[in-house]
Every structure is written in C-alpha cells, then in structure tokens.
Amino acid sequence: MIQILDSTLREGEQTPGVYFSPEIKLAIAQFLDHIGIDIIEAGNPAVDREIAVAITRIANAGLKAKIGAHSRCRIDDVNKALDCGINFLGIFFSVSQKRLQQDYNLCLEAAIARIAEVITYARKQQSDLLIRYTPEDTVRSPIEDIIAAASVAVQAGANIISIADTTGYTTPFHETRSISYYVKTLKTELAKLNLHPKIEVHCHNDRGLALANALDAYKAGADIIDVTVMGIGERAGIVDLAELLINLTDMFAEKPAWDLTYLKKLYDLVSEHSHIPIPPHHPIVGKNAFTHYAGVHVKAVAKNEELYQSLNPEIIGIKSSFALGMQSGYTAIQLALKQIGRSEIAENQAVVSKILHEIKEIARRGNPIDIEKELPAIIERFCLNQIINSEICSIYSVFHVHEVHG
Ligand code: HCA
Ligand code: CU
C-alpha cells in the first residue's frame, strides 16, 4: 500500500512569505492525521529554535502518523532533530557532481563516507527511528553514484531512500530523464545487493509535472510519495495533497483509510495562515470544483450530475452546486428560485425569462452572483420599479405579506 508523506510544515514553509506558528502547525498536523497521512515532515530544527519547539509539540501530540524532522548531513543537526522526540528523520546530502564540486568541495568518496558516518550515528542513537536518506537532486546525478550512496546509506541504517526531483526536471515519457527510471533502477540494483529499502519520491513542479511524475513513480513501484497542501514549497512547489489522493483513490483503486472529508477544512486552514488563496478552479477543494455554470451544463446536470461530473463531491463531504451569470440559461434561474424558496415564480415563464435577462445584465460587472442575497433583491427591484407585469408583483406581494404576517 502506498504511503503519503506530507511536508506542508517543512517544504511548504519554504514558500516565500509563509510562516506557520507552532499552534497552527499542530492544528495542521492534526488534520493531516485525521486524513490518515502516514508521515508528517514537521520541519528542520536547525533553521530556528521555534521550529524545534513546534516539532517537539507535534511529536508529543499522540498522533498516529510518524512525525519527522529534516536534517542536513551533520551530527549536530541530527542531535537537534533527535532532541525533538521524533520517530522519523530525513537526512539530505547531494551527490550530484556539480553540487559536490561547486558547493561542497568534496569528492564522491568523501561525501559517501560522511553519509555513512551520520546515518550510523543516528541509527545508534535510536534503534526504532525511521531514517530516510535523500541524495538531493537525485535525477540530475549519475545513477551509479546514486546507487553507491544509497547502498552505503542503507547499510549504515537508512530504511528509506528518497528520489528527489529537486528542480522539477523529469518528465513521465522519457527513458532515463524520468522518475520511474530512477525508481526501477534503484530498486533493481539495490535488490542485487540484497538491500530492500522503501523508495520515496519528492517531485517538484517547476515544469508543472509534479503530479504526473508522482503517478509515474507510483506505477513504477514507489512506496512513499511526498506532498504538501496546495502543493506549496520552494519555487513552483511540489505535488498537491488533494490532487494526489483523489487520483490514487479514483484512478488506481488504492483504498487506504484516507478520510477525504477533512481536506476542505485543512486547505482552508493552510490557505488562511499562508495567505495563499485556493484558486477557484483548484481540483477537489476549489470553490468551483463542483459548481456548474453554462446553461447547457446546468440543464443536463439537473437531470443527472454525472453528465458533467466524473467525480462524486460526496467523497469530500460536499454537494455540487451551480452558478448564475452571463452563461446561465432558463433552468439555472428556475433552480435558483427554488433554492431561495420561490418555487411559484419558477413556474412563471415570463418572469423567469425577465430574471434571466437581469442576471445577464448584472453579470457584466464580472463578479460572481450571490444567489441567496442577490436574487431576492432582483425580484424586489422588479416590483418596486414596476418594470414587470402586475401578475409578478402580485406573486411578490403574496410572498411579502406571507412573510410579514406569517
Ligand atoms: C530542500 C531540498 C529538498 C529535499 C528533499 C528531501 C529537495 O532541502 O529544500 O530531503 O527529501 O527538493 O530536494 O526539498
Ligand atoms: Cu523539495
């Protein structure tokens, strides 16, 4: 069964301008736990003392998920991470040739020796710790160097090797420049050495392919996939949690015990505190994700939602809806009138047509129309301005009198 690692609190907080207080981090972690996320990467304690406090709080909150810290490949950083009471530790150190030469000034052998030393140390401190080693920028590193570093890491005590597409470089259709190539090759080559770590993937979205690459990795046998809420993270971010879960549930018939009804609340919380709005057309949790609009659509959906929907909104605990505007047709007005309790007006063709005309006029302002607030106002305006026939006004006054006296 595939496992999900959420890194909203680590990778997500690496979005420019984003800051989550320890209280909000705990609330986010609790939602992730309710959904059934397996691992929560809660931050890198070496970055700031407050991050260490937040990780410690989450690690002590009694959540089902494993709680992890991110750590550079240094003994002092590992100590800071272990002090937080975590049960998952992610150590990263690149073995890409450019990084070794231009940043670390190390040869491959020295880099691998350091990886072995730090992982051996972490393993000695905590025998039940889940340790992940990530050769950052995996997919722009020679595969043989990745195999060399990964095999040493596993022998030193790592349980998981993560393939990081740090710069969003891969594409699903390429023979070697794909994350699936790295998943398959690493699994096969490590198995030859009798090493069987779990394989994780971390896909960045620089080319808009993070989700496609994650699904490519899934098909190739990846065991763990990294995500964040709204896909936030460095630059263009990584895989979006809701998008991945919906695809795994729907397309691949993965049926773990994910409770997707918490997605909306989680996204609203993260959006509020990151100050990043959820795009209205965001799949699954966007305001318009299950809202139908054009006349042809609303007419069909009124008969059967599946005519314009391939996902059932009930999986996230909501119902579909419809919007009013320039694209609306007769059926939408009738539905809207029924929605606000004006079924009688909905049966009057002339009135419905006039309201439709008015709705189209209002739509020119370019803002969504609020059915509950604006439709009653439109009906009222008709009567006050006496621009509609007396029959309509009498319908209105019947309602009005009824409301006032009843
Ligand atoms: C980073 C880079 C990273 C690390 C991933 C990992 C990446 O440190 O910000 O440690 O598994 O994309 O390579 O997020
Ligand atoms: Cu990353």
# chains A, B, ... in the order shown; residues from 1 in each chain; ligands from 1
call {"tool": "residues_near_ligand", "arguments": {"ligand": "ligand 1", "cutoff": "8 Å", "atoms": "only C-alpha atoms and all ligand atoms", "output": "list of chain:residue names"}}
result
A:Glu11, A:Gln14, A:His70, A:Ser71, A:Gly90, A:Ile91, A:Phe92, A:Phe93, A:Arg132, A:Tyr133, A:Thr134, A:Pro135, A:Glu136, A:Asp137, A:Thr138, A:Ser162, A:Ile163, A:Ala164, A:Asp165, A:Thr166, A:Thr167, A:Val201, A:His202, A:Cys203, A:His204, A:Glu234
call {"tool": "residues_around", "arguments": {"residues": "Ile147 (chain A)", "least_positions_apart": "3", "cutoff": "9 Å", "atoms": "only C-alpha atoms", "output": "list in words"}}
result
Pro142, Ile143, Glu144, Ala150, Ser151, Val152, Thr185, Leu186, Glu189 and Leu190 of chain A
call {"tool": "select_by_dssp", "arguments": {"residues": "region 165-404 of chain A", "states": "alpha helix (DSSP H)", "output": "VMD selection string"}}
result
chain A and resid 179 to 192 210 to 219 241 to 250 263 to 274 295 to 303 330 to 339 343 to 346 349 to 363 371 to 385 390 to 404
call {"tool": "closest_residue", "arguments": {"among": "A:Lys287, A:Lys219, A:Arg72, A:His174", "to": "Ile318 (chain A)", "atoms": "only C-alpha atoms"}}
result
A:Lys287
call {"tool": "select_by_dssp", "arguments": {"residues": "region 177-390 of chain A", "states": "strand (DSSP E)", "output": "VMD selection string"}}
result
chain A and resid 198 to 203 224 to 227 291 to 292 321 to 322
call {"tool": "write_last_selection", "arguments": {"atoms": "N, CA and C atoms", "output": "PDB file, in the first residue's frame"}}
result
ATOM      1  N   LYS A 198      12.629   1.122   1.484  1.00  0.00           N
ATOM      2  CA  LYS A 198      11.447   1.690   0.826  1.00  0.00           C
ATOM      3  C   LYS A 198      11.939   2.814  -0.082  1.00  0.00           C
ATOM      4  N   ILE A 199      11.260   2.993  -1.207  1.00  0.00           N
ATOM      5  CA  ILE A 199      11.638   4.063  -2.134  1.00  0.00           C
ATOM      6  C   ILE A 199      10.572   5.159  -2.080  1.00  0.00           C
ATOM      7  N   GLU A 200      11.069   6.373  -1.800  1.00  0.00           N
ATOM      8  CA  GLU A 200      10.181   7.539  -1.693  1.00  0.00           C
ATOM      9  C   GLU A 200      10.451   8.441  -2.897  1.00  0.00           C
ATOM     10  N   VAL A 201       9.473   9.266  -3.272  1.00  0.00           N
ATOM     11  CA  VAL A 201       9.726  10.240  -4.342  1.00  0.00           C
ATOM     12  C   VAL A 201       9.263  11.630  -3.921  1.00  0.00           C
ATOM     13  N   HIS A 202      10.036  12.611  -4.347  1.00  0.00           N
ATOM     14  CA  HIS A 202       9.786  14.015  -3.979  1.00  0.00           C
ATOM     15  C   HIS A 202       9.845  14.800  -5.284  1.00  0.00           C
ATOM     16  N   CYS A 203       8.674  15.127  -5.825  1.00  0.00           N
ATOM     17  CA  CYS A 203       8.610  15.705  -7.171  1.00  0.00           C
ATOM     18  C   CYS A 203       8.288  17.193  -7.122  1.00  0.00           C
ATOM     19  N   ILE A 224       6.508   5.517  -1.139  1.00  0.00           N
ATOM     20  CA  ILE A 224       6.092   6.717  -0.399  1.00  0.00           C
ATOM     21  C   ILE A 224       6.119   7.903  -1.370  1.00  0.00           C
ATOM     22  N   ILE A 225       5.094   8.749  -1.312  1.00  0.00           N
ATOM     23  CA  ILE A 225       5.069   9.950  -2.172  1.00  0.00           C
ATOM     24  C   ILE A 225       4.936  11.192  -1.288  1.00  0.00           C
ATOM     25  N   ASP A 226       5.767  12.200  -1.578  1.00  0.00           N
ATOM     26  CA  ASP A 226       5.747  13.467  -0.823  1.00  0.00           C
ATOM     27  C   ASP A 226       4.725  14.437  -1.426  1.00  0.00           C
ATOM     28  N   VAL A 227       4.027  15.127  -0.543  1.00  0.00           N
ATOM     29  CA  VAL A 227       3.042  16.124  -0.980  1.00  0.00           C
ATOM     30  C   VAL A 227       3.063  17.307  -0.012  1.00  0.00           C
ATOM     31  N   THR A 291     -18.996  23.183  -9.165  1.00  0.00           N
ATOM     32  CA  THR A 291     -20.026  24.180  -9.487  1.00  0.00           C
ATOM     33  C   THR A 291     -20.236  24.224 -10.992  1.00  0.00           C
ATOM     34  N   HIS A 292     -21.475  24.062 -11.416  1.00  0.00           N
ATOM     35  CA  HIS A 292     -21.789  24.057 -12.849  1.00  0.00           C
ATOM     36  C   HIS A 292     -22.345  25.423 -13.233  1.00  0.00           C
ATOM     37  N   SER A 321     -23.020  22.275  -6.941  1.00  0.00           N
ATOM     38  CA  SER A 321     -23.864  23.466  -6.964  1.00  0.00           C
ATOM     39  C   SER A 321     -23.842  24.053  -8.372  1.00  0.00           C
ATOM     40  N   PHE A 322     -24.494  25.188  -8.527  1.00  0.00           N
ATOM     41  CA  PHE A 322     -24.471  25.859  -9.830  1.00  0.00           C
ATOM     42  C   PHE A 322     -24.325  27.352  -9.596  1.00  0.00           C
TER      43      PHE A 322
END
call {"tool": "closest_residue", "arguments": {"among": "A:Gly295, A:Gly231, A:Gly62, A:Gly17", "to": "ligand 2", "atoms": "only C-alpha atoms and all ligand atoms"}}
result
A:Gly231
call {"tool": "residues_around", "arguments": {"residues": "Ser141 (chain A)", "least_positions_apart": "5", "cutoff": "7 Å", "atoms": "only C-alpha atoms", "output": "PyMOL selection string"}}
result
chain A and resi 95-97+146
call {"tool": "closest_residue", "arguments": {"among": "A:Cys73, A:Val298, A:Val239, A:Ala212", "to": "ligand 2", "atoms": "only C-alpha atoms and all ligand atoms"}}
result
A:Val239
call {"tool": "closest_residue", "arguments": {"among": "A:Ile238, A:Asp6, A:Ser21, A:Pro45", "to": "ligand 2", "atoms": "only C-alpha atoms and all ligand atoms"}}
result
A:Ile238
call {"tool": "atom_distance", "arguments": {"atom1": "CA of Lys265 (chain A)", "atom2": "CA of Thr15 (chain A)"}}
result
20.6 Å
call {"tool": "residues_around", "arguments": {"residues": "Ala46 (chain A)", "least_positions_apart": "6", "cutoff": "10 Å", "atoms": "only C-alpha atoms", "output": "list in words"}}
result
Ala52, Ala69, His70, Ser71, Arg72, Asp76, Asp77, Val78, Asn79, Lys80 and Ala81 of chain A
call {"tool": "closest_residue", "arguments": {"among": "A:Val154, A:Ile284, A:Ile371, A:Ala54", "to": "Asn247 (chain A)", "atoms": "only C-alpha atoms"}}
result
A:Ile284
call {"tool": "residues_around", "arguments": {"residues": "Lys360 (chain A)", "least_positions_apart": "5", "cutoff": "8 Å", "atoms": "only C-alpha atoms", "output": "MDAnalysis selection string"}}
result
chainID A and resid 325:328
call {"tool": "closest_residue", "arguments": {"among": "A:Gly85, A:Thr170, A:Leu248, A:Phe31", "to": "Asp268 (chain A)", "atoms": "only C-alpha atoms"}}
result
A:Phe31
